[in-house]
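The structure appears right after this line, and notes come after that.
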Amino acid sequence: MSVDAPLRHPGASADCPVCGGLGLEIVRDKARLIATPCRCRLDVCPACEDRAVVIDPDGVMRACTCARVARRARRFDEAGLPGRYGAATLASLADTEPANATAASRVREWAESWTAHDPPPGLVLYGPVGRGKTHFVVAAARTLLLTRGARVRFLEFTHLIADLKAAFDRGEGASSLLDGLGEIDVLVLDELGKGRLTEFEDQMLDDLISRRYNAGLPILATTNYDPREPTGQRTANLARPGGPQPTLGDRVGDRVFSRLREMCRFYPLGGEDDLRTTSRKARW
Ligand SMILES: [Zn+2]
Ligand SMILES: [Zn+2]
């Protein structure tokens with residue numbers, strides 16, 4: 001498989017330690033990460049003088065590389081990566097604790113193997129709160145945005161549900177939002193299965209997962225729930241703290257869980273590959 005040559009901004013320094021020549025620096029803007037021109041970059045593009053087009057030696061007009069960089073920056077901003085994960089890069093995964101090394105390798109391989117026309121199966125990272133699951137998926141998303149020009153959307157699951165409900169309540173229906181999320185190259189769902197999970201929420205999630213399943217498009221998800229077989233119990237029984245805990249299947253429902261198992265590979269953070277889930281090859 002050939003990987004595209006790295007994109008370089010004509011006005012950026014090729015050996016810049018911040019941007020590596022892409023000409024974009026990732027900074028925090030309130031709750032989100034955004035891409036801004038790197039400090040190494042000249043104010044005006046030396047190739048096109050900011051006209052965004054250049055004339056080839058054979059007289060053909062074409063888009064300047066700086067315009068492709070600008071498009072990557074726009075897509076980065078639209079992705080909505082959370083602002084507190086500015087340090088999440090694939091390189092940072094090398095520093096993860098030994099118990100997360102397998103998941104780190106899988107996430108790195110996933111990001112490096114991704115192509116728009118033949119995307120690999122998605123990933124579900126699961127484990128207790130505080131293990132760095134979100135850091136891992138943001139690192140993968142950031143890489144695809146900056147090095148491949150992918151269209152990515154990051155959503156915390158409960159925010160997605162709130163957005164869908166708001167669209168529904170405004171009488172717009174949820175379909176325009178679902179259409180967009182159903183088609184984007186990579187959808188990142190953080191904290192899958194969290195929340196109240198009303199019938200409306202179940203239905204919206206089923207609709208969204210079905211769209212991506214049918215389109216053959218990957219999901220990167222994190223969840224605090226174990227992907228064991230459903231127990232039939234949706235919420236933890238507070239009267240029995242040591243009793244059985246709800247699983248991911250309990251939380252998202254049989255149909256969504258079954259699709260996720262076909263679309264994704266599951267890796268725990270804080271341990272080795274879970275053979276029960278990863279031996280079952282995702283079908284793409
Ligand atoms: Zn730079
Ligand atoms: Zn230019």
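Quick note on naming: the chains in the structure tokens go A, B, ... in the order shown, residues restart at 1 in each chain, and ligands are numbered from 1 in order of appearance.
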- [ ] Find the residues near segment 99-104 of chain A: any atom within 9 Å, counting only C-alpha atoms, skip ones fewer than 3 places away on the same chain, and give them as a list in words.
- [x] Leu90, Leu93, Ala94, Asp95, Thr96, Val107, Arg108, Glu109, Leu125, Arg131, Gly132, Phe136, Tyr267, Pro268, Leu269, Gly270, Gly271, Glu272 and Asp273 of chain A
With N, CA and C atoms retained, write the just-selected residues as an mmCIF file, in the first residue's frame.
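Written output follows (result.cif):
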```
data_model
loop_
_atom_site.group_PDB
_atom_site.id
_atom_site.type_symbol
_atom_site.label_atom_id
_atom_site.label_comp_id
_atom_site.auth_asym_id
_atom_site.auth_seq_id
_atom_site.Cartn_x
_atom_site.Cartn_y
_atom_site.Cartn_z
ATOM 1 N N LEU A 90 0.110 10.268 17.952
ATOM 2 C CA LEU A 90 0.500 8.851 17.888
ATOM 3 C C LEU A 90 1.832 8.643 18.599
ATOM 4 N N LEU A 93 1.744 7.886 22.248
ATOM 5 C CA LEU A 93 1.290 6.564 22.699
ATOM 6 C C LEU A 93 2.463 5.658 23.085
ATOM 7 N N ALA A 94 3.665 6.004 22.594
ATOM 8 C CA ALA A 94 4.844 5.212 22.963
ATOM 9 C C ALA A 94 5.131 5.331 24.456
ATOM 10 N N ASP A 95 4.650 6.386 25.072
ATOM 11 C CA ASP A 95 4.910 6.609 26.498
ATOM 12 C C ASP A 95 3.832 6.013 27.400
ATOM 13 N N THR A 96 2.902 5.270 26.802
ATOM 14 C CA THR A 96 1.805 4.752 27.606
ATOM 15 C C THR A 96 2.314 3.698 28.582
ATOM 16 N N VAL A 107 -3.891 0.889 17.876
ATOM 17 C CA VAL A 107 -4.368 2.212 17.455
ATOM 18 C C VAL A 107 -3.411 2.796 16.424
ATOM 19 N N ARG A 108 -2.121 2.636 16.657
ATOM 20 C CA ARG A 108 -1.127 3.155 15.705
ATOM 21 C C ARG A 108 -1.267 2.454 14.360
ATOM 22 N N GLU A 109 -1.388 1.131 14.385
ATOM 23 C CA GLU A 109 -1.538 0.381 13.131
ATOM 24 C C GLU A 109 -2.811 0.805 12.413
ATOM 25 N N LEU A 125 -12.345 0.894 22.192
ATOM 26 C CA LEU A 125 -11.430 0.793 23.334
ATOM 27 C C LEU A 125 -12.275 0.821 24.599
ATOM 28 N N ARG A 131 -8.167 5.478 32.105
ATOM 29 C CA ARG A 131 -7.109 4.684 31.501
ATOM 30 C C ARG A 131 -6.532 5.318 30.224
ATOM 31 N N GLY A 132 -7.088 6.430 29.793
ATOM 32 C CA GLY A 132 -6.516 7.094 28.619
ATOM 33 C C GLY A 132 -7.177 6.723 27.300
ATOM 34 N N PHE A 136 -6.189 8.031 23.323
ATOM 35 C CA PHE A 136 -5.841 7.122 22.223
ATOM 36 C C PHE A 136 -6.647 7.456 20.950
ATOM 37 N N TYR A 267 -10.531 -3.602 22.004
ATOM 38 C CA TYR A 267 -9.294 -3.731 22.778
ATOM 39 C C TYR A 267 -9.474 -3.090 24.147
ATOM 40 N N PRO A 268 -9.061 -3.809 25.186
ATOM 41 C CA PRO A 268 -9.141 -3.225 26.525
ATOM 42 C C PRO A 268 -7.944 -2.325 26.786
ATOM 43 N N LEU A 269 -8.125 -1.291 27.541
ATOM 44 C CA LEU A 269 -6.987 -0.552 28.054
ATOM 45 C C LEU A 269 -6.720 -1.077 29.453
ATOM 46 N N GLY A 270 -5.457 -1.289 29.729
ATOM 47 C CA GLY A 270 -5.102 -1.820 31.034
ATOM 48 C C GLY A 270 -4.963 -3.323 31.016
ATOM 49 N N GLY A 271 -4.776 -3.931 29.843
ATOM 50 C CA GLY A 271 -4.574 -5.377 29.815
ATOM 51 C C GLY A 271 -4.233 -5.874 28.436
ATOM 52 N N GLU A 272 -4.058 -7.175 28.318
ATOM 53 C CA GLU A 272 -3.750 -7.798 27.033
ATOM 54 C C GLU A 272 -5.007 -7.852 26.174
ATOM 55 N N ASP A 273 -4.830 -8.231 24.902
ATOM 56 C CA ASP A 273 -5.986 -8.421 24.024
ATOM 57 C C ASP A 273 -6.973 -9.368 24.694
#
```
Open item on the list: With only C-alpha atoms as the counted atoms, please give the residues lying no more than 10 Å from Phe76 of chain A, apart from itself and same-chain residues fewer than 4 positions off, as a ChimeraX atom specification.
Closed with: /A:26,33-36,70-72,80-81,141-142,144-146,149-153
Open item on the list: To check your reading of the model: which residues sit at most 9 Å from ligand 2 when counting only C-alpha atoms and all ligand atoms? Write the answer as a list in words.
Closed with: His9, Pro10, Gly11, Val44, Cys45, Pro46, Ala47, Cys48, Glu49, Asp50, Arg51, Ala52, Val53, Val54, Ala63, Cys64, Thr65, Cys66 and Ala67 of chain A
TODO: Can you pull out every residue within 12 Å of Pro17 of chain A, counting only C-alpha atoms, but drop anything in the same chain fewer than 5 positions away, and send it as a ChimeraX atom specification?
DONE: /A:12,22-25,38-40
From segment 3-196 of chain A, collect each residue whose DSSP state is helix (DSSP H, G or I) and return the set as a short mmCIF file (atom, residue, chain, number, x, y, z; two decimals) with C-alpha atoms, in the first residue's frame.
```
data_model
loop_
_atom_site.label_atom_id
_atom_site.label_comp_id
_atom_site.auth_asym_id
_atom_site.auth_seq_id
_atom_site.Cartn_x
_atom_site.Cartn_y
_atom_site.Cartn_z
CA THR A 65 -0.43 23.26 -2.12
CA CYS A 66 -1.23 25.98 0.40
CA ALA A 67 -4.91 25.59 -0.52
CA ARG A 68 -4.76 21.89 0.39
CA VAL A 69 -3.18 22.81 3.71
CA ALA A 70 -5.97 25.33 4.29
CA ARG A 71 -8.55 22.63 3.61
CA ARG A 72 -6.90 20.32 6.13
CA ALA A 73 -6.99 23.12 8.68
CA ARG A 74 -10.73 23.63 8.07
CA ARG A 75 -11.41 19.94 8.43
CA PHE A 76 -9.36 19.85 11.61
CA ASP A 77 -11.42 22.67 13.09
CA GLU A 78 -14.67 20.98 12.10
CA ALA A 79 -13.65 17.70 13.75
CA GLY A 83 -9.29 20.94 23.85
CA ARG A 84 -7.81 19.11 26.80
CA TYR A 85 -6.19 16.49 24.54
CA ALA A 91 4.06 9.48 19.10
CA SER A 92 2.71 10.11 22.61
CA LEU A 93 1.29 6.56 22.70
CA ALA A 94 4.84 5.21 22.96
CA ASP A 95 4.91 6.61 26.50
CA PRO A 98 3.02 -1.19 29.73
CA ALA A 99 -0.48 -2.54 30.31
CA ASN A 100 -1.73 -0.34 27.46
CA ALA A 101 1.04 -1.21 25.03
CA THR A 102 -1.07 -3.62 22.98
CA ALA A 103 -3.89 -1.14 22.56
CA ALA A 104 -1.35 1.55 21.65
CA SER A 105 0.08 -0.67 18.88
CA ARG A 106 -3.37 -1.44 17.54
CA VAL A 107 -4.37 2.21 17.46
CA ARG A 108 -1.13 3.16 15.71
CA GLU A 109 -1.54 0.38 13.13
CA TRP A 110 -5.12 1.41 12.60
CA ALA A 111 -4.25 5.04 11.89
CA GLU A 112 -1.37 4.09 9.62
CA SER A 113 -3.45 1.64 7.60
CA LYS A 133 -9.04 5.75 26.12
CA THR A 134 -9.97 9.21 24.84
CA HIS A 135 -6.30 10.16 24.49
CA PHE A 136 -5.84 7.12 22.22
CA VAL A 137 -8.74 7.87 19.87
CA VAL A 138 -7.91 11.58 19.68
CA ALA A 139 -4.34 10.66 18.72
CA ALA A 140 -5.64 8.51 15.86
CA ALA A 141 -8.14 11.15 14.74
CA ARG A 142 -5.54 13.90 14.78
CA THR A 143 -3.19 11.81 12.65
CA LEU A 144 -5.83 11.15 10.00
CA LEU A 145 -6.82 14.81 9.92
CA LEU A 146 -3.30 16.17 9.56
CA THR A 147 -1.56 13.52 7.50
CA ARG A 148 -4.39 12.15 5.35
CA PHE A 157 -21.90 10.32 23.20
CA THR A 158 -24.12 12.28 25.57
CA HIS A 159 -23.53 15.48 23.55
CA LEU A 160 -24.50 13.68 20.36
CA ILE A 161 -27.74 12.56 21.98
CA ALA A 162 -28.40 16.10 23.23
CA ASP A 163 -27.80 17.53 19.73
CA LEU A 164 -30.13 14.99 18.17
CA LYS A 165 -32.80 15.69 20.75
CA ALA A 166 -32.47 19.45 20.22
CA ALA A 167 -32.83 19.04 16.45
CA PHE A 168 -35.84 16.85 17.01
CA ASP A 169 -37.43 19.30 19.46
CA SER A 175 -32.08 13.29 9.81
CA SER A 176 -29.88 16.15 8.60
CA LEU A 177 -27.48 15.63 11.51
CA LEU A 178 -27.59 11.86 11.08
CA ASP A 179 -26.99 12.19 7.33
CA GLY A 180 -23.76 14.08 7.93
CA LEU A 181 -22.55 11.74 10.66
CA GLY A 182 -23.50 8.74 8.59
CA GLU A 183 -21.22 9.80 5.73
#
```
TODO: With a distance cut-off of 8 Å and only C-alpha atoms, select the neighbouring residues of Ile209 of chain A, excluding the residue or stretch itself and same-chain residues fewer than 3 positions from it, and output the selection as an MDAnalysis selection string.
DONE: chainID A and resid 182 205:206 212:213 256 259:260
Can you write just those residues out, N, CA, C and O atoms, as a tab-separated table (two decimals), in the first residue's frame?
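What landed in out.tsv:
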```
chain	number	residue	atom	x	y	z
A	182	GLY	N	-23.48	10.05	9.24
A	182	GLY	CA	-23.50	8.74	8.59
A	182	GLY	C	-22.49	8.65	7.45
A	182	GLY	O	-22.11	7.55	7.04
A	205	LEU	N	-29.34	6.01	18.13
A	205	LEU	CA	-28.06	5.30	18.05
A	205	LEU	C	-28.16	4.17	17.02
A	205	LEU	O	-27.26	3.97	16.21
A	206	ASP	N	-29.26	3.46	17.05
A	206	ASP	CA	-29.46	2.38	16.09
A	206	ASP	C	-29.43	2.91	14.65
A	206	ASP	O	-28.79	2.34	13.77
A	212	ARG	N	-23.74	3.88	9.23
A	212	ARG	CA	-22.29	3.67	9.04
A	212	ARG	C	-21.99	2.21	8.67
A	212	ARG	O	-21.10	1.94	7.88
A	213	TYR	N	-22.75	1.32	9.23
A	213	TYR	CA	-22.61	-0.10	8.89
A	213	TYR	C	-22.88	-0.30	7.39
A	213	TYR	O	-22.10	-0.91	6.67
A	256	VAL	N	-27.49	-3.02	18.03
A	256	VAL	CA	-26.32	-2.14	17.88
A	256	VAL	C	-25.06	-2.90	18.29
A	256	VAL	O	-24.04	-2.84	17.60
A	259	ARG	N	-23.96	-5.25	15.57
A	259	ARG	CA	-23.34	-4.53	14.45
A	259	ARG	C	-21.93	-4.06	14.82
A	259	ARG	O	-21.02	-4.17	14.01
A	260	LEU	N	-21.79	-3.54	16.02
A	260	LEU	CA	-20.46	-3.09	16.45
A	260	LEU	C	-19.47	-4.25	16.39
A	260	LEU	O	-18.32	-4.08	16.01
```
Task: Nearest-residue call for Met263 of chain A, choices A:Leu197, A:Leu217, A:Leu208, A:Ile184, using only C-alpha atoms - done: A:Leu217
